[in-house]
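Everything below belongs to target17.txt, which stores compact mmCIF, C-alpha atoms.
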```
# COMPACT_ATOMS: atom_id res chain seq x y z
CA MET A 161 0.00 0.00 0.00
CA SER A 162 1.20 3.51 -0.70
CA ILE A 163 -0.09 6.91 0.28
CA GLU A 164 0.24 9.75 -2.16
CA ILE A 165 -0.14 13.30 -0.90
CA ILE A 166 -1.05 15.45 -3.86
CA GLY A 167 -2.74 18.41 -2.18
CA LEU A 168 -2.05 20.16 1.10
CA SER A 169 -3.72 22.77 3.27
CA GLY A 170 -3.62 23.75 6.92
CA ARG A 171 -4.08 26.36 9.61
CA PHE A 172 -1.52 26.98 12.32
CA PRO A 173 -0.90 29.44 15.17
CA GLU A 174 -0.86 33.03 13.90
CA SER A 175 -0.80 31.68 10.32
CA ARG A 176 -3.54 31.51 7.70
CA ASN A 177 -1.84 28.83 5.62
CA ILE A 178 1.17 26.53 5.42
CA GLU A 179 3.38 29.02 3.59
CA GLU A 180 2.78 31.75 6.17
CA PHE A 181 3.45 29.28 8.99
CA TRP A 182 6.73 28.17 7.39
CA ASP A 183 7.89 31.75 6.83
CA LYS A 184 7.21 32.64 10.46
CA LEU A 185 8.97 29.51 11.71
CA CYS A 186 12.04 30.26 9.56
CA SER A 187 12.18 33.84 10.82
CA GLY A 188 12.08 32.63 14.43
CA GLU A 189 8.80 34.35 15.25
CA ASP A 190 7.13 33.25 18.50
CA LEU A 191 3.68 32.01 17.48
CA VAL A 192 2.53 31.19 20.99
CA THR A 193 1.21 34.47 22.38
CA ILE A 194 -0.98 36.01 25.03
CA SER A 195 -4.36 36.55 23.43
CA ASP A 196 -7.96 36.94 24.51
CA LYS A 197 -9.32 36.06 21.05
CA ARG A 198 -10.98 32.94 22.40
CA PHE A 199 -10.65 32.75 26.18
CA VAL A 200 -9.59 35.08 28.96
CA PRO A 201 -5.92 34.16 29.55
CA GLY A 202 -5.26 32.48 32.87
CA THR A 203 -8.89 31.67 33.74
CA GLN A 204 -10.13 28.16 34.43
CA GLY A 205 -6.66 26.69 34.02
CA ILE A 206 -6.18 28.06 30.50
CA PRO A 207 -2.51 28.91 29.95
CA GLU A 208 -1.55 32.57 29.64
CA ARG A 209 0.16 31.87 26.29
CA THR A 210 -1.61 29.91 23.57
CA GLY A 211 -1.31 29.26 19.85
CA THR A 212 -4.38 30.75 18.17
CA ILE A 213 -5.50 30.51 14.58
CA PRO A 214 -6.34 33.88 13.00
CA ASP A 215 -9.62 34.74 11.31
CA ILE A 216 -11.59 31.65 12.36
CA GLU A 217 -14.69 33.85 12.57
CA PHE A 218 -14.63 34.36 8.79
CA PHE A 219 -16.37 31.50 7.02
CA ASP A 220 -18.48 31.52 3.86
CA GLY A 221 -21.04 28.85 4.62
CA SER A 222 -22.88 29.57 1.37
CA LEU A 223 -19.89 28.10 -0.46
CA TYR A 224 -20.82 24.76 1.13
CA GLY A 225 -24.61 25.12 1.18
CA ILE A 226 -24.72 25.84 4.93
CA ASN A 227 -27.12 28.52 6.13
CA PRO A 228 -25.97 31.36 8.41
CA LYS A 229 -27.86 30.08 11.47
CA GLN A 230 -26.13 26.70 11.20
CA CYS A 231 -22.75 28.38 10.66
CA ALA A 232 -23.20 30.41 13.85
CA LYS A 233 -23.61 27.18 15.87
CA MET A 234 -20.95 25.16 14.03
CA ASP A 235 -17.66 24.37 15.77
CA PRO A 236 -14.75 26.31 14.20
CA GLN A 237 -12.98 22.95 13.72
CA PHE A 238 -15.73 21.92 11.28
CA ARG A 239 -15.53 25.22 9.40
CA LEU A 240 -11.73 25.04 9.18
CA MET A 241 -11.91 21.41 8.04
CA LEU A 242 -14.26 22.26 5.16
CA ASP A 243 -12.07 25.15 4.04
CA CYS A 244 -8.88 23.07 4.28
CA VAL A 245 -10.37 20.13 2.35
CA ARG A 246 -11.46 22.50 -0.43
CA GLU A 247 -8.01 24.16 -0.47
CA ALA A 248 -6.20 20.80 -0.52
CA ILE A 249 -8.29 19.67 -3.50
CA LEU A 250 -7.49 22.91 -5.32
CA ASP A 251 -3.80 22.62 -4.33
CA ALA A 252 -3.79 19.19 -5.98
CA GLY A 253 -4.88 20.87 -9.22
CA MET A 254 -8.35 19.37 -9.04
CA VAL A 255 -11.83 20.88 -9.08
CA PRO A 256 -13.94 19.98 -6.02
CA SER A 257 -17.13 19.50 -8.07
CA ASN A 258 -15.35 16.90 -10.26
CA LEU A 259 -15.00 14.67 -7.19
CA ARG A 260 -18.74 14.63 -6.43
CA GLY A 261 -20.08 11.08 -6.27
CA THR A 262 -16.62 9.49 -6.36
CA ASN A 263 -15.36 6.74 -4.09
CA THR A 264 -13.31 9.21 -2.03
CA GLY A 265 -12.72 8.26 1.62
CA VAL A 266 -12.52 10.70 4.50
CA TYR A 267 -10.67 9.77 7.68
CA THR A 268 -10.43 12.47 10.33
CA GLY A 269 -8.89 12.54 13.77
CA GLY A 270 -10.64 14.62 16.39
CA CYS A 271 -11.78 14.23 19.96
CA PHE A 272 -12.49 17.42 21.90
CA SER A 273 -14.94 20.22 21.23
CA ASP A 274 -14.97 22.97 23.82
CA HIS A 275 -17.19 24.85 21.37
CA GLN A 276 -19.91 22.21 21.79
CA SER A 277 -19.84 22.72 25.55
CA ALA A 278 -20.09 26.48 25.08
CA VAL A 279 -23.09 26.38 22.71
CA LEU A 280 -24.92 23.90 24.96
CA TYR A 281 -24.17 25.90 28.13
CA ASP A 282 -27.26 28.13 27.86
CA PRO A 283 -30.36 25.90 27.46
CA GLU A 284 -32.41 28.90 26.31
CA SER A 285 -30.24 29.32 23.20
CA VAL A 286 -30.33 25.65 22.13
CA ASP A 287 -32.36 25.27 18.93
CA GLY A 288 -31.33 21.87 17.57
CA ARG A 289 -28.51 23.00 15.28
CA GLU A 290 -25.84 22.40 17.92
CA MET A 291 -25.22 18.67 17.33
CA VAL A 292 -24.97 18.73 13.55
CA GLY A 293 -21.88 20.94 13.52
CA ASN A 294 -20.30 20.13 16.87
CA ALA A 295 -20.18 16.41 17.62
CA MET A 296 -16.71 15.28 16.61
CA SER A 297 -18.16 11.92 15.54
CA HIS A 298 -19.68 13.84 12.60
CA LEU A 299 -16.49 15.58 11.42
CA ALA A 300 -15.59 13.22 8.56
CA ASN A 301 -19.24 12.77 7.65
CA ARG A 302 -19.72 16.54 7.31
CA VAL A 303 -16.87 16.58 4.78
CA SER A 304 -18.26 13.57 2.89
CA PHE A 305 -21.77 15.03 2.84
CA THR A 306 -20.63 18.50 1.81
CA PHE A 307 -18.41 17.31 -1.04
CA ASP A 308 -20.62 14.30 -1.92
CA PHE A 309 -17.86 11.75 -1.41
CA LYS A 310 -19.11 8.15 -1.48
CA GLY A 311 -16.13 6.31 0.05
CA PRO A 312 -15.59 5.30 3.68
CA SER A 313 -16.04 8.14 6.12
CA TYR A 314 -15.31 8.13 9.83
CA ASN A 315 -13.72 10.08 12.63
CA VAL A 316 -11.07 8.46 14.82
CA ASP A 317 -10.98 9.38 18.50
CA THR A 318 -7.88 8.02 20.20
CA ALA A 319 -7.27 11.22 22.20
CA CYS A 320 -3.87 12.78 21.43
CA SER A 321 -3.07 10.27 18.69
CA SER A 322 -6.34 10.74 16.75
CA SER A 323 -4.83 12.41 13.68
CA MET A 324 -1.96 9.96 13.49
CA VAL A 325 -4.29 6.96 13.69
CA ALA A 326 -6.65 8.48 11.09
CA PHE A 327 -3.67 9.03 8.77
CA ASP A 328 -2.67 5.40 9.28
CA ARG A 329 -6.16 4.24 8.28
```

Can you present the structure in this file as structure tokens?
Amino acid sequence: MSIEIIGLSGRFPESRNIEEFWDKLCSGEDLVTISDKRFVPGTQGIPERTGTIPDIEFFDGSLYGINPKQCAKMDPQFRLMLDCVREAILDAGMVPSNLRGTNTGVYTGGCFSDHQSAVLYDPESVDGREMVGNAMSHLANRVSFTFDFKGPSYNVDTACSSSMVAFDR
């Protein structure tokens, strides 16, 4: 068996893409910073310094047929995954719509969703959209559904090794 990586995409601390991340690493920039973009630093055991991904609030759900109300409840990990899958397909020189209906498999590694806990915290705001875009068990299936891939599709949850095990699958 061989694995061929033909398209690549990613998001990293203080970097919008792989090239920006690499440039910052090569220049010695410290990408772990004090930021209140997501949480108040130092509260509830959250470290003062964290690696945060820029611009996660910007997501064009209409590109994927997702309505604004669903996008507002969707975990940023799901939104980033959809964008990165699309970018990786384009990076491979392919057109996403040409893959519709193909036997393309999706294997993701993910386990924690603090966003899910946050959106379920206030029972008055729960409207049923929370589970569709937050349960990590749906991560690979959201990609398969969105891009109409017909191959195997599942999320691996082995805690810290989830991505490595998914890659091995």

request  = Please provide as an MDAnalysis selection string all residues within 10 Å of Gly261 (chain A), with the sequence filter that same-chain residues fewer than 2 positions apart are discarded (counting all atoms listed in the file).
outcome  = chainID A and resid 257:259 263:264 304 307:311

key: Shell of 10 Å around region 182-191 of chain A, all atoms listed in the file, local chain residues under 4 positions omitted, as a list in words   = Phe172, Pro173, Glu174, Ser175, Asn177, Ile178, Arg209, Thr210, Gly211, Thr212 and Ile213 of chain A

message = Restricting the calculation to only C-alpha atoms: of A:Asp235, A:Arg176, A:Ile194, A:Gly253, which residue gets closest to Asp215 (chain A)?
response = A:Arg176

query = Which is closer to Leu242 (chain A) than all the others in A:Val325, A:Met296, A:Gly221, A:Asp282, using all atoms listed in the file?
reply =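 That would be A:Gly221, the residue with the smallest distance to Leu242 (chain A).
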
ask   = In terms of the shortest atom-to-atom distance over only C-alpha atoms, which of A:Val303, A:Pro312, A:Ile249, A:Ala278 is closest to Gly265 (chain A)?
value =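 Using only C-alpha atoms, the shortest distance to Gly265 (chain A) belongs to A:Pro312.
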
Of the listed residues A:Leu223, A:Ile166, A:Met234, A:Val266, that which approaches Phe327 (chain A) most closely, counting all atoms listed in the file = A:Val266

Can you pull region 288-309 of chain A out of that block with N, CA, C and O atoms and hand it back as a PDB file, in the first residue's frame?
```
ATOM      1  N   GLY A 288     -31.412  23.099  18.349  1.00  0.00           N
ATOM      2  CA  GLY A 288     -31.329  21.867  17.566  1.00  0.00           C
ATOM      3  C   GLY A 288     -30.207  21.825  16.551  1.00  0.00           C
ATOM      4  O   GLY A 288     -29.884  20.772  16.022  1.00  0.00           O
ATOM      5  N   ARG A 289     -29.590  22.969  16.269  1.00  0.00           N
ATOM      6  CA  ARG A 289     -28.507  23.001  15.283  1.00  0.00           C
ATOM      7  C   ARG A 289     -27.153  22.656  15.894  1.00  0.00           C
ATOM      8  O   ARG A 289     -26.177  22.486  15.188  1.00  0.00           O
ATOM      9  N   GLU A 290     -27.110  22.564  17.212  1.00  0.00           N
ATOM     10  CA  GLU A 290     -25.844  22.395  17.918  1.00  0.00           C
ATOM     11  C   GLU A 290     -25.134  21.072  17.610  1.00  0.00           C
ATOM     12  O   GLU A 290     -23.919  21.041  17.480  1.00  0.00           O
ATOM     13  N   MET A 291     -25.853  19.977  17.507  1.00  0.00           N
ATOM     14  CA  MET A 291     -25.221  18.671  17.332  1.00  0.00           C
ATOM     15  C   MET A 291     -24.701  18.440  15.916  1.00  0.00           C
ATOM     16  O   MET A 291     -23.698  17.775  15.726  1.00  0.00           O
ATOM     17  N   VAL A 292     -25.355  18.984  14.941  1.00  0.00           N
ATOM     18  CA  VAL A 292     -24.967  18.733  13.553  1.00  0.00           C
ATOM     19  C   VAL A 292     -23.570  19.267  13.247  1.00  0.00           C
ATOM     20  O   VAL A 292     -22.825  18.653  12.510  1.00  0.00           O
ATOM     21  N   GLY A 293     -23.182  20.355  13.828  1.00  0.00           N
ATOM     22  CA  GLY A 293     -21.881  20.936  13.524  1.00  0.00           C
ATOM     23  C   GLY A 293     -20.931  20.964  14.691  1.00  0.00           C
ATOM     24  O   GLY A 293     -20.007  21.771  14.706  1.00  0.00           O
ATOM     25  N   ASN A 294     -21.152  20.099  15.688  1.00  0.00           N
ATOM     26  CA  ASN A 294     -20.302  20.129  16.869  1.00  0.00           C
ATOM     27  C   ASN A 294     -19.824  18.773  17.347  1.00  0.00           C
ATOM     28  O   ASN A 294     -18.765  18.682  17.950  1.00  0.00           O
ATOM     29  N   ALA A 295     -20.587  17.734  17.153  1.00  0.00           N
ATOM     30  CA  ALA A 295     -20.176  16.407  17.619  1.00  0.00           C
ATOM     31  C   ALA A 295     -19.025  15.916  16.750  1.00  0.00           C
ATOM     32  O   ALA A 295     -19.168  15.767  15.533  1.00  0.00           O
ATOM     33  N   MET A 296     -17.882  15.674  17.376  1.00  0.00           N
ATOM     34  CA  MET A 296     -16.705  15.277  16.610  1.00  0.00           C
ATOM     35  C   MET A 296     -16.926  13.984  15.829  1.00  0.00           C
ATOM     36  O   MET A 296     -16.279  13.751  14.819  1.00  0.00           O
ATOM     37  N   SER A 297     -17.862  13.165  16.266  1.00  0.00           N
ATOM     38  CA  SER A 297     -18.162  11.924  15.540  1.00  0.00           C
ATOM     39  C   SER A 297     -18.693  12.218  14.137  1.00  0.00           C
ATOM     40  O   SER A 297     -18.669  11.351  13.267  1.00  0.00           O
ATOM     41  N   HIS A 298     -19.129  13.460  13.897  1.00  0.00           N
ATOM     42  CA  HIS A 298     -19.677  13.843  12.600  1.00  0.00           C
ATOM     43  C   HIS A 298     -18.666  14.542  11.691  1.00  0.00           C
ATOM     44  O   HIS A 298     -19.000  14.901  10.564  1.00  0.00           O
ATOM     45  N   LEU A 299     -17.457  14.767  12.165  1.00  0.00           N
ATOM     46  CA  LEU A 299     -16.488  15.576  11.419  1.00  0.00           C
ATOM     47  C   LEU A 299     -16.230  15.045  10.007  1.00  0.00           C
ATOM     48  O   LEU A 299     -16.379  15.771   9.024  1.00  0.00           O
ATOM     49  N   ALA A 300     -15.853  13.793   9.889  1.00  0.00           N
ATOM     50  CA  ALA A 300     -15.595  13.221   8.559  1.00  0.00           C
ATOM     51  C   ALA A 300     -16.861  13.171   7.727  1.00  0.00           C
ATOM     52  O   ALA A 300     -16.830  13.414   6.516  1.00  0.00           O
ATOM     53  N   ASN A 301     -17.975  12.865   8.376  1.00  0.00           N
ATOM     54  CA  ASN A 301     -19.236  12.768   7.651  1.00  0.00           C
ATOM     55  C   ASN A 301     -19.694  14.113   7.102  1.00  0.00           C
ATOM     56  O   ASN A 301     -20.295  14.176   6.031  1.00  0.00           O
ATOM     57  N   ARG A 302     -19.388  15.196   7.816  1.00  0.00           N
ATOM     58  CA  ARG A 302     -19.720  16.537   7.311  1.00  0.00           C
ATOM     59  C   ARG A 302     -18.949  16.804   6.022  1.00  0.00           C
ATOM     60  O   ARG A 302     -19.487  17.331   5.059  1.00  0.00           O
ATOM     61  N   VAL A 303     -17.689  16.407   5.993  1.00  0.00           N
ATOM     62  CA  VAL A 303     -16.874  16.585   4.781  1.00  0.00           C
ATOM     63  C   VAL A 303     -17.446  15.733   3.649  1.00  0.00           C
ATOM     64  O   VAL A 303     -17.656  16.226   2.538  1.00  0.00           O
ATOM     65  N   SER A 304     -17.722  14.463   3.922  1.00  0.00           N
ATOM     66  CA  SER A 304     -18.260  13.566   2.887  1.00  0.00           C
ATOM     67  C   SER A 304     -19.593  14.072   2.353  1.00  0.00           C
ATOM     68  O   SER A 304     -19.825  14.074   1.144  1.00  0.00           O
ATOM     69  N   PHE A 305     -20.457  14.515   3.250  1.00  0.00           N
ATOM     70  CA  PHE A 305     -21.767  15.026   2.837  1.00  0.00           C
ATOM     71  C   PHE A 305     -21.610  16.292   1.999  1.00  0.00           C
ATOM     72  O   PHE A 305     -22.197  16.417   0.927  1.00  0.00           O
ATOM     73  N   THR A 306     -20.788  17.215   2.490  1.00  0.00           N
ATOM     74  CA  THR A 306     -20.626  18.504   1.812  1.00  0.00           C
ATOM     75  C   THR A 306     -20.051  18.344   0.403  1.00  0.00           C
ATOM     76  O   THR A 306     -20.513  18.988  -0.535  1.00  0.00           O
ATOM     77  N   PHE A 307     -19.062  17.482   0.250  1.00  0.00           N
ATOM     78  CA  PHE A 307     -18.411  17.307  -1.044  1.00  0.00           C
ATOM     79  C   PHE A 307     -18.971  16.128  -1.845  1.00  0.00           C
ATOM     80  O   PHE A 307     -18.504  15.841  -2.936  1.00  0.00           O
ATOM     81  N   ASP A 308     -19.960  15.445  -1.281  1.00  0.00           N
ATOM     82  CA  ASP A 308     -20.620  14.296  -1.920  1.00  0.00           C
ATOM     83  C   ASP A 308     -19.637  13.176  -2.243  1.00  0.00           C
ATOM     84  O   ASP A 308     -19.655  12.591  -3.322  1.00  0.00           O
ATOM     85  N   PHE A 309     -18.772  12.880  -1.273  1.00  0.00           N
ATOM     86  CA  PHE A 309     -17.858  11.754  -1.406  1.00  0.00           C
ATOM     87  C   PHE A 309     -18.588  10.481  -0.995  1.00  0.00           C
ATOM     88  O   PHE A 309     -19.313  10.473  -0.006  1.00  0.00           O
TER      89      PHE A 309
END
```
